[in-house]
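**Q** For reference, the file entry.tsv (TSV, C-alpha atoms and all ligand atoms) is included below:
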chain	number	residue	atom	x	y	z
A	1	MET	CA	-14.74	-32.92	37.53
A	2	TRP	CA	-16.91	-34.79	35.10
A	3	TRP	CA	-19.37	-31.97	34.49
A	4	ARG	CA	-16.59	-29.69	33.34
A	5	ASP	CA	-15.04	-32.28	31.07
A	6	GLN	CA	-18.25	-33.35	29.45
A	7	ALA	CA	-21.24	-31.29	28.32
A	8	PHE	CA	-24.14	-32.05	30.64
A	9	ARG	CA	-26.63	-31.33	27.88
A	10	LEU	CA	-26.19	-33.95	25.20
A	11	GLY	CA	-25.99	-32.38	21.79
A	12	ALA	CA	-27.84	-29.26	22.93
A	13	PRO	CA	-26.94	-25.83	21.56
A	14	ALA	CA	-25.02	-23.14	23.46
A	15	GLN	CA	-26.13	-21.84	26.84
A	16	ALA	CA	-29.56	-20.28	26.91
A	17	HIS	CA	-30.22	-16.58	27.39
A	18	LEU	CA	-33.73	-15.57	28.48
A	19	LYS	CA	-34.92	-11.99	27.99
A	20	VAL	CA	-38.17	-10.64	29.37
A	21	GLN	CA	-39.63	-7.26	28.45
A	22	GLY	CA	-42.82	-5.61	29.65
A	23	LEU	CA	-44.07	-8.78	31.32
A	24	SER	CA	-47.38	-8.59	33.11
A	25	ALA	CA	-49.35	-11.44	34.65
A	26	GLY	CA	-51.90	-12.18	37.32
A	27	TYR	CA	-55.01	-14.11	38.15
A	28	GLY	CA	-58.17	-13.01	36.36
A	29	ALA	CA	-58.62	-9.30	36.92
A	30	PHE	CA	-55.95	-9.30	39.66
A	31	LEU	CA	-52.71	-8.09	38.10
A	32	VAL	CA	-49.73	-9.27	40.16
A	33	LEU	CA	-46.75	-8.46	37.91
A	34	ARG	CA	-46.43	-5.16	36.12
A	35	ASP	CA	-44.07	-4.34	33.30
A	36	LEU	CA	-41.15	-6.51	34.37
A	37	ARG	CA	-37.88	-6.38	32.49
A	38	LEU	CA	-35.34	-9.02	33.36
A	39	GLU	CA	-32.79	-11.42	31.96
A	40	ALA	CA	-31.44	-14.81	32.81
A	41	ARG	CA	-28.05	-15.00	31.16
A	42	PRO	CA	-25.93	-18.15	31.07
A	43	GLY	CA	-25.08	-18.83	34.72
A	44	LEU	CA	-27.23	-18.54	37.83
A	45	THR	CA	-29.74	-15.75	38.35
A	46	VAL	CA	-31.68	-15.45	41.60
A	47	ILE	CA	-34.92	-13.61	42.35
A	48	VAL	CA	-35.59	-12.65	45.95
A	49	GLY	CA	-38.43	-10.77	47.59
A	50	PRO	CA	-40.97	-10.99	50.39
A	51	ASN	CA	-43.90	-13.40	50.54
A	52	GLY	CA	-46.59	-12.48	48.06
A	53	ALA	CA	-44.27	-10.35	45.89
A	54	GLY	CA	-45.11	-12.39	42.80
A	55	LYS	CA	-42.03	-14.62	42.50
A	56	THR	CA	-43.96	-17.84	41.91
A	57	THR	CA	-46.34	-15.95	39.61
A	58	LEU	CA	-43.34	-14.89	37.51
A	59	LEU	CA	-42.05	-18.46	37.11
A	60	LYS	CA	-45.56	-19.72	36.35
A	61	ALA	CA	-46.00	-17.03	33.68
A	62	LEU	CA	-42.65	-17.94	32.08
A	63	ALA	CA	-43.59	-21.63	32.13
A	64	GLY	CA	-46.92	-20.88	30.43
A	65	LEU	CA	-48.99	-22.06	33.38
A	66	ILE	CA	-50.84	-18.73	33.55
A	67	PRO	CA	-51.45	-16.16	30.79
A	68	ARG	CA	-48.99	-13.30	30.43
A	69	GLY	CA	-48.40	-10.15	28.49
A	70	GLY	CA	-45.07	-8.83	27.21
A	71	ILE	CA	-42.25	-10.27	25.17
A	72	VAL	CA	-40.20	-13.26	26.27
A	73	THR	CA	-37.31	-14.48	24.14
A	74	LEU	CA	-34.93	-17.41	24.49
A	75	ASP	CA	-31.76	-16.78	22.52
A	76	GLY	CA	-33.53	-14.12	20.52
A	77	ALA	CA	-36.42	-16.36	19.45
A	78	GLU	CA	-39.79	-15.46	20.89
A	79	LEU	CA	-40.95	-18.03	23.42
A	80	ALA	CA	-44.43	-19.38	22.83
A	81	ALA	CA	-47.12	-18.84	25.43
A	82	ARG	CA	-48.24	-22.46	25.56
A	83	THR	CA	-46.76	-24.88	28.06
A	84	HIS	CA	-45.94	-27.76	25.73
A	85	GLU	CA	-44.15	-25.45	23.30
A	86	ILE	CA	-42.21	-23.88	26.18
A	87	VAL	CA	-41.18	-27.35	27.38
A	88	ARG	CA	-40.12	-28.25	23.84
A	89	ALA	CA	-38.00	-25.08	23.73
A	90	GLY	CA	-36.07	-26.52	26.68
A	91	VAL	CA	-37.58	-24.70	29.65
A	92	ALA	CA	-38.17	-26.73	32.83
A	93	LEU	CA	-39.80	-25.61	36.08
A	94	VAL	CA	-39.32	-27.28	39.44
A	95	ALA	CA	-42.37	-25.91	41.23
A	96	GLU	CA	-42.87	-25.44	44.94
A	97	GLY	CA	-44.09	-28.68	46.46
A	98	ARG	CA	-41.94	-30.91	44.21
A	99	GLN	CA	-44.83	-32.92	42.71
A	100	LEU	CA	-43.11	-36.29	42.82
A	101	PHE	CA	-44.86	-39.60	42.37
A	102	ALA	CA	-44.73	-40.75	45.98
A	103	GLN	CA	-45.49	-44.41	45.23
A	104	MET	CA	-42.78	-44.67	42.60
A	105	SER	CA	-39.07	-45.20	43.18
A	106	VAL	CA	-36.43	-42.54	42.68
A	107	THR	CA	-35.36	-44.12	39.39
A	108	GLU	CA	-38.95	-44.33	38.15
A	109	ASN	CA	-39.46	-40.64	38.95
A	110	LEU	CA	-36.30	-39.82	37.01
A	111	GLU	CA	-37.43	-41.96	34.07
A	112	LEU	CA	-40.58	-39.85	33.85
A	113	GLY	CA	-38.38	-36.76	33.43
A	114	GLY	CA	-36.97	-38.35	30.28
A	115	TRP	CA	-40.03	-40.01	28.78
A	116	LEU	CA	-39.63	-38.01	25.55
A	117	LEU	CA	-36.03	-39.19	25.09
A	118	PRO	CA	-34.84	-42.34	23.33
A	119	LYS	CA	-34.14	-45.09	25.87
A	120	ALA	CA	-30.34	-45.04	25.64
A	121	GLN	CA	-30.22	-41.28	26.02
A	122	ARG	CA	-32.63	-41.41	28.94
A	123	ALA	CA	-30.40	-43.91	30.73
A	124	GLN	CA	-27.41	-41.67	30.14
A	125	ARG	CA	-29.26	-38.63	31.49
A	126	ILE	CA	-30.30	-40.55	34.60
A	127	GLU	CA	-26.69	-41.56	35.11
A	128	GLN	CA	-25.69	-37.88	34.90
A	129	ALA	CA	-28.43	-36.95	37.36
A	130	PHE	CA	-27.03	-39.51	39.81
A	131	ALA	CA	-23.59	-37.99	39.33
A	132	LEU	CA	-25.07	-34.60	40.18
A	133	PHE	CA	-26.73	-36.01	43.33
A	134	PRO	CA	-24.70	-39.05	44.45
A	135	LYS	CA	-27.02	-39.47	47.44
A	136	LEU	CA	-29.84	-40.39	45.09
A	137	ARG	CA	-27.88	-43.24	43.53
A	138	GLU	CA	-27.76	-44.95	46.93
A	139	ARG	CA	-31.54	-44.49	47.19
A	140	ALA	CA	-32.40	-45.36	43.61
A	141	ARG	CA	-34.98	-47.98	44.57
A	142	GLN	CA	-36.53	-46.15	47.54
A	143	LEU	CA	-40.09	-44.88	47.13
A	144	ALA	CA	-39.94	-41.12	46.61
A	145	GLY	CA	-42.69	-40.53	49.17
A	146	THR	CA	-40.59	-42.05	51.94
A	147	MET	CA	-37.61	-39.75	51.44
A	148	SER	CA	-36.79	-36.68	53.52
A	149	GLY	CA	-37.84	-33.24	52.31
A	150	GLY	CA	-34.33	-32.43	51.12
A	151	GLU	CA	-33.94	-35.74	49.32
A	152	GLN	CA	-37.30	-35.24	47.61
A	153	GLN	CA	-36.20	-31.81	46.46
A	154	MET	CA	-33.08	-33.41	45.00
A	155	VAL	CA	-35.24	-35.92	43.13
A	156	ALA	CA	-37.38	-33.07	41.77
A	157	VAL	CA	-34.34	-31.16	40.50
A	158	ALA	CA	-32.72	-34.35	39.16
A	159	ARG	CA	-35.94	-35.27	37.33
A	160	ALA	CA	-36.03	-31.83	35.69
A	161	MET	CA	-32.40	-32.26	34.63
A	162	VAL	CA	-33.17	-35.60	32.99
A	163	SER	CA	-35.46	-33.71	30.59
A	164	THR	CA	-32.37	-31.91	29.22
A	165	PRO	CA	-33.50	-28.34	29.88
A	166	ARG	CA	-31.64	-25.34	28.50
A	167	LEU	CA	-33.25	-23.11	31.10
A	168	LEU	CA	-33.98	-24.57	34.54
A	169	MET	CA	-36.34	-22.59	36.76
A	170	LEU	CA	-36.38	-23.43	40.47
A	171	ASP	CA	-39.04	-22.13	42.85
A	172	GLU	CA	-37.63	-21.98	46.39
A	173	PRO	CA	-35.67	-25.24	46.24
A	174	SER	CA	-34.55	-24.82	49.86
A	175	LEU	CA	-38.02	-24.23	51.32
A	176	GLY	CA	-38.39	-25.87	54.72
A	177	LEU	CA	-34.99	-27.55	54.64
A	178	ALA	CA	-32.29	-27.69	57.32
A	179	PRO	CA	-29.25	-25.42	56.74
A	180	LYS	CA	-26.96	-28.21	55.56
A	181	MET	CA	-29.52	-29.40	53.01
A	182	VAL	CA	-30.07	-25.78	51.88
A	183	ASP	CA	-26.33	-25.55	51.19
A	184	GLU	CA	-26.36	-28.82	49.25
A	185	LEU	CA	-29.23	-27.75	47.02
A	186	LEU	CA	-27.80	-24.31	46.34
A	187	ALA	CA	-24.44	-25.94	45.52
A	188	ALA	CA	-26.24	-28.26	43.10
A	189	ALA	CA	-27.90	-25.26	41.42
A	190	ARG	CA	-24.44	-23.75	41.03
A	191	ARG	CA	-23.02	-26.95	39.51
A	192	ILE	CA	-25.93	-27.15	37.08
A	193	ALA	CA	-25.27	-23.57	35.96
A	194	ASP	CA	-21.53	-24.22	35.66
A	195	ALA	CA	-22.25	-27.29	33.55
A	196	GLY	CA	-24.09	-25.18	30.97
A	197	THR	CA	-27.77	-25.05	31.89
A	198	THR	CA	-28.98	-21.51	32.55
A	199	VAL	CA	-30.63	-21.38	35.97
A	200	LEU	CA	-33.30	-18.91	37.14
A	201	MET	CA	-34.01	-19.48	40.82
A	202	VAL	CA	-36.44	-17.96	43.30
A	203	GLU	CA	-35.11	-18.15	46.86
A	204	GLN	CA	-36.01	-17.02	50.35
A	205	ASN	CA	-32.54	-17.70	51.73
A	206	VAL	CA	-31.40	-14.33	50.43
A	207	LYS	CA	-27.86	-14.34	51.79
A	208	LYS	CA	-27.00	-17.87	50.70
A	209	ALA	CA	-28.71	-17.51	47.33
A	210	LEU	CA	-26.89	-14.29	46.46
A	211	ALA	CA	-23.63	-15.91	47.58
A	212	VAL	CA	-23.92	-18.67	44.94
A	213	ALA	CA	-25.61	-16.62	42.18
A	214	ASP	CA	-24.07	-14.52	39.41
A	215	ARG	CA	-26.86	-11.98	39.22
A	216	GLY	CA	-29.93	-11.12	41.24
A	217	TYR	CA	-33.22	-9.26	41.21
A	218	VAL	CA	-35.36	-8.02	44.06
A	219	LEU	CA	-39.11	-8.25	43.45
A	220	GLU	CA	-41.50	-6.38	45.72
A	221	ARG	CA	-45.26	-6.12	45.18
A	222	GLY	CA	-45.00	-7.19	41.58
A	223	VAL	CA	-42.29	-4.70	40.63
A	224	LEU	CA	-38.52	-5.17	40.32
A	225	VAL	CA	-36.91	-2.72	42.73
A	226	ALA	CA	-33.23	-3.68	42.43
A	227	SER	CA	-30.99	-5.80	40.24
A	228	GLY	CA	-27.38	-6.46	39.42
A	229	ASN	CA	-24.29	-8.49	40.21
A	230	ALA	CA	-25.23	-10.84	43.06
A	231	LYS	CA	-22.27	-9.98	45.28
A	232	LEU	CA	-22.88	-6.24	44.90
A	233	LEU	CA	-26.62	-6.69	45.41
A	234	ALA	CA	-25.95	-8.53	48.69
A	235	ARG	CA	-24.06	-5.46	49.88
A	236	SER	CA	-26.67	-2.95	48.68
A	237	THR	CA	-28.73	-0.98	51.16
A	238	VAL	CA	-32.05	-2.27	49.83
A	239	VAL	CA	-31.09	-5.91	50.33
A	240	ARG	CA	-29.19	-5.48	53.58
A	241	GLU	CA	-31.94	-3.52	55.28
A	242	ALA	CA	-34.87	-5.56	54.03
A	243	TYR	CA	-33.49	-9.08	53.90
A	244	LEU	CA	-30.23	-9.46	55.73
A	245	GLY	CA	-31.18	-7.93	59.05
A	246	ALA	CA	-28.91	-4.89	58.80
A	247	GLY	CA	-30.35	-1.61	60.07
A	248	ALA	CA	-33.42	-1.44	62.31
A	249	SER	CA	-34.37	-5.04	63.04
A	250	GLY	CA	-38.03	-4.28	63.67
A	251	SER	CA	-38.62	-2.52	60.35
A	252	GLY	CA	-41.72	-3.29	58.31
A	253	ARG	CA	-39.73	-4.53	55.34
A	254	ALA	CA	-37.74	-6.94	57.49
A	255	ALA	CA	-41.02	-8.25	58.86
A	256	ALA	CA	-42.34	-8.68	55.31
A	257	ALA	CA	-39.32	-10.79	54.46
A	258	ALA	CA	-39.57	-13.02	57.53
A	259	PRO	CA	-39.90	-16.73	56.85
A	260	ARG	CA	-43.43	-17.95	56.48
A	261	GLY	CA	-45.01	-19.93	59.29
A	301	LIG	N1	-54.11	-18.92	42.01
A	301	LIG	C1	-54.18	-17.67	42.49
A	301	LIG	N2	-55.33	-16.95	42.40
A	301	LIG	C2	-55.41	-15.69	42.84
A	301	LIG	N3	-54.37	-15.02	43.41
A	301	LIG	C3	-53.20	-15.68	43.52
A	301	LIG	C4	-53.05	-17.02	43.07
A	301	LIG	N4	-51.77	-17.41	43.33
A	301	LIG	C5	-51.18	-16.35	43.90
A	301	LIG	N5	-52.02	-15.31	44.03
A	301	LIG	C6	-51.70	-13.99	44.58
A	301	LIG	O1	-50.68	-13.40	43.81
A	301	LIG	C7	-49.77	-12.67	44.64
A	301	LIG	C8	-48.36	-13.17	44.38
A	301	LIG	O2	-48.28	-14.52	44.81
A	301	LIG	P1	-47.00	-15.41	44.54
A	301	LIG	O3	-47.35	-16.80	44.93
A	301	LIG	O4	-46.52	-15.19	43.17
A	301	LIG	O5	-45.97	-14.78	45.56
A	301	LIG	P2	-44.51	-15.27	45.98
A	301	LIG	O6	-43.60	-14.10	45.79
A	301	LIG	O7	-44.17	-16.52	45.27
A	301	LIG	O8	-44.70	-15.53	47.54
A	301	LIG	P3	-44.04	-16.65	48.50
A	301	LIG	O9	-42.70	-16.14	48.88
A	301	LIG	O10	-44.97	-16.69	49.66
A	301	LIG	O11	-44.00	-17.94	47.73
A	301	LIG	C9	-50.27	-12.86	46.06
A	301	LIG	O12	-51.01	-11.73	46.42
A	301	LIG	C10	-51.14	-14.09	45.98
A	301	LIG	O13	-52.17	-14.05	46.94
A	302	MG	MG	-43.80	-18.45	45.88
What does the file become when written as structure tokens?
Ligand SMILES: Nc1ncnc2c1ncn2[C@@H]1O[C@H](COP(=O)(O)OP(=O)(O)OP(=O)(O)O)[C@@H](O)[C@H]1O
Ligand SMILES: [Mg+2]

**A**
Amino acid sequence: MWWRDQAFRLGAPAQAHLKVQGLSAGYGAFLVLRDLRLEARPGLTVIVGPNGAGKTTLLKALAGLIPRGGIVTLDGAELAARTHEIVRAGVALVAEGRQLFAQMSVTENLELGGWLLPKAQRAQRIEQAFALFPKLRERARQLAGTMSGGEQQMVAVARAMVSTPRLLMLDEPSLGLAPKMVDELLAAARRIADAGTTVLMVEQNVKKALAVADRGYVLERGVLVASGNAKLLARSTVVREAYLGAGASGSGRAAAAAPRG
């Protein structure tokens, strides 16, 4: 397949390795995350946890959208705290809600992802994004705002990929999507990781996310309570009881992990 034959990231250095130590973050005096230690190694790392655990807060802190404490390194070099420097270091975040330009076409949205690139390289990146999501090529001229939720999510991920990230962070890419579309997006995340971009993904579809990921973390109330190989984590008691419906179905933790309304 093309993404195995050809490096997806043009001229970019080897696969990124993110390390986080003693990370804390919150909103004003309200501390949400306490002393987190985690890694996103080359491949696909997933973070799961109930609503309000701090998953989005973690991605926002890593993207420099809110202040944080602790040490964050990308390939051993300390990552700056300011958003534009983080972007320049090759970190991209696809936030919840997609934030597309509804009145612009798919292609125009993708062009915005590559506005810092020389024109020829931008065109090449857009071509690669279409190869990643063939459905979008057919819809290249459609206004983004008129696309289905799943298609819009694809545009958001494709746009992030046009910016040539070394670390791609995805916040619940499958939120609100039908099962088939969930599978498509998770498969795309897997392909992106296989093609050499390190992926750190927050997901509520715990079973499916752990099935495609290499490693996983469980975040509860701002603290990491479990981590490890994704396949082993899926079989662990903490994940099975709280997120996969094993054990007492009416337990408080299962209720906490129920889909939002
Ligand atoms: N802008 C904000 N100001 C104040 N508190 C916030 C803000 N955003 C989030 N919080 C609080 O921080 C905590 C963690 O929220 P966060 O959005 O990170 O959770 P989450 O794990 O992403 O949840 P979900 O699965 O529902 O997306 C919650 O208690 C939330 O109310
Ligand atoms: Mg969230």

**Q** Please compute the CA of Arg137 (chain A)-CA of Asn205 (chain A) distance, one decimal, in Å.

**A**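 Value for the CA of Arg137 (chain A)-CA of Asn205 (chain A) distance: 27.2 Å.
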
**Q** Kindly give the distance, in Å, that separates CA of Ser24 (chain A) and atom O11 of ligand LIG 301 (chain A), rounded to a single decimal.

**A**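 Separation between CA of Ser24 (chain A) and atom O11 of ligand LIG 301 (chain A): 17.7 Å.
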
**Q** Select from chain A every residue with an atom at most 12 Å from any atom of ligand MG 302 (chain A), then for each give the shortest pair of atoms and their distance in Å to one decimal, using only C-alpha atoms and all ligand atoms, rows by chain and rising number, as a Markdown table.

**A**
| residue | atom | partner | partner_atom | distance |
| --- | --- | --- | --- | --- |
| A:Ile47 | CA | A:MG302 | MG | 10.7 |
| A:Val48 | CA | A:MG302 | MG | 10.1 |
| A:Gly49 | CA | A:MG302 | MG | 9.5 |
| A:Pro50 | CA | A:MG302 | MG | 9.2 |
| A:Asn51 | CA | A:MG302 | MG | 6.9 |
| A:Gly52 | CA | A:MG302 | MG | 6.9 |
| A:Ala53 | CA | A:MG302 | MG | 8.1 |
| A:Gly54 | CA | A:MG302 | MG | 6.9 |
| A:Lys55 | CA | A:MG302 | MG | 5.4 |
| A:Thr56 | CA | A:MG302 | MG | 4.0 |
| A:Thr57 | CA | A:MG302 | MG | 7.2 |
| A:Leu58 | CA | A:MG302 | MG | 9.1 |
| A:Leu59 | CA | A:MG302 | MG | 8.9 |
| A:Lys60 | CA | A:MG302 | MG | 9.8 |
| A:Val94 | CA | A:MG302 | MG | 11.8 |
| A:Ala95 | CA | A:MG302 | MG | 8.9 |
| A:Glu96 | CA | A:MG302 | MG | 7.1 |
| A:Gly97 | CA | A:MG302 | MG | 10.3 |
| A:Leu170 | CA | A:MG302 | MG | 10.4 |
| A:Asp171 | CA | A:MG302 | MG | 6.7 |
| A:Glu172 | CA | A:MG302 | MG | 7.1 |
| A:Pro173 | CA | A:MG302 | MG | 10.6 |
| A:Ser174 | CA | A:MG302 | MG | 11.9 |
| A:Leu175 | CA | A:MG302 | MG | 9.8 |
| A:Met201 | CA | A:MG302 | MG | 11.1 |
| A:Val202 | CA | A:MG302 | MG | 7.8 |
| A:Glu203 | CA | A:MG302 | MG | 8.8 |
| A:Gln204 | CA | A:MG302 | MG | 9.1 |
| A:Leu219 | CA | A:MG302 | MG | 11.5 |
| A:Pro259 | CA | A:MG302 | MG | 11.8 |
| A:Arg260 | CA | A:MG302 | MG | 10.6 |

**Q** Between CA of Arg215 (chain A) and CA of Gln152 (chain A), what is the spacing in Å?

**A**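 A separation of 26.8 Å between them.
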
**Q** Go through A:Ile66, A:Ala213, A:Leu177, A:Ala158 and flag the residue nearest ligand LIG 301 (chain A), using only C-alpha atoms and all ligand atoms for the distances.

**A**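 The closest residue to ligand LIG 301 (chain A) is A:Ile66.
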
**Q** Please determine, counting all atoms listed in the file, which residue among A:Val72, A:Ala81, A:Ala16, A:Leu31 has the shortest atom-to-atom distance to ligand LIG 301 (chain A).

**A** A:Leu31

**Q** Between A:Pro67, A:Thr73, A:Lys208, A:Asn109, which one has atoms that come closest to Gly28 (chain A), using only C-alpha atoms?

**A**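 Result for the nearest residue to Gly28 (chain A): A:Pro67.
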
**Q** Considering only C-alpha atoms and all ligand atoms, can you say which of A:Arg240, A:Arg82, A:Arg221, A:Arg68 comes closest to ligand LIG 301 (chain A)?

**A**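 Ranked by minimum distance to ligand LIG 301 (chain A), first place goes to A:Arg221.
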
**Q** Fewer than 6 positions away in the same chain doesn't count, so skip those; otherwise give me all residues within 9 Å of Val223 (chain A), counting only C-alpha atoms, as an NGL selection string.

**A** :A and (32-36 or 53-54)

**Q** With a distance cut-off of 12 Å and all atoms listed in the file, select the neighbouring residues of Leu232 (chain A), excluding the residue or stretch itself and same-chain residues fewer than 2 positions from it, and output the selection as a list in words.

**A** Lys207, Leu210, Ala211, Ala213, Asp214, Arg215, Gly216, Tyr217, Ala226, Ser227, Gly228, Asn229, Ala230, Ala234, Arg235, Ser236, Thr237, Val238, Val239 and Arg240 of chain A
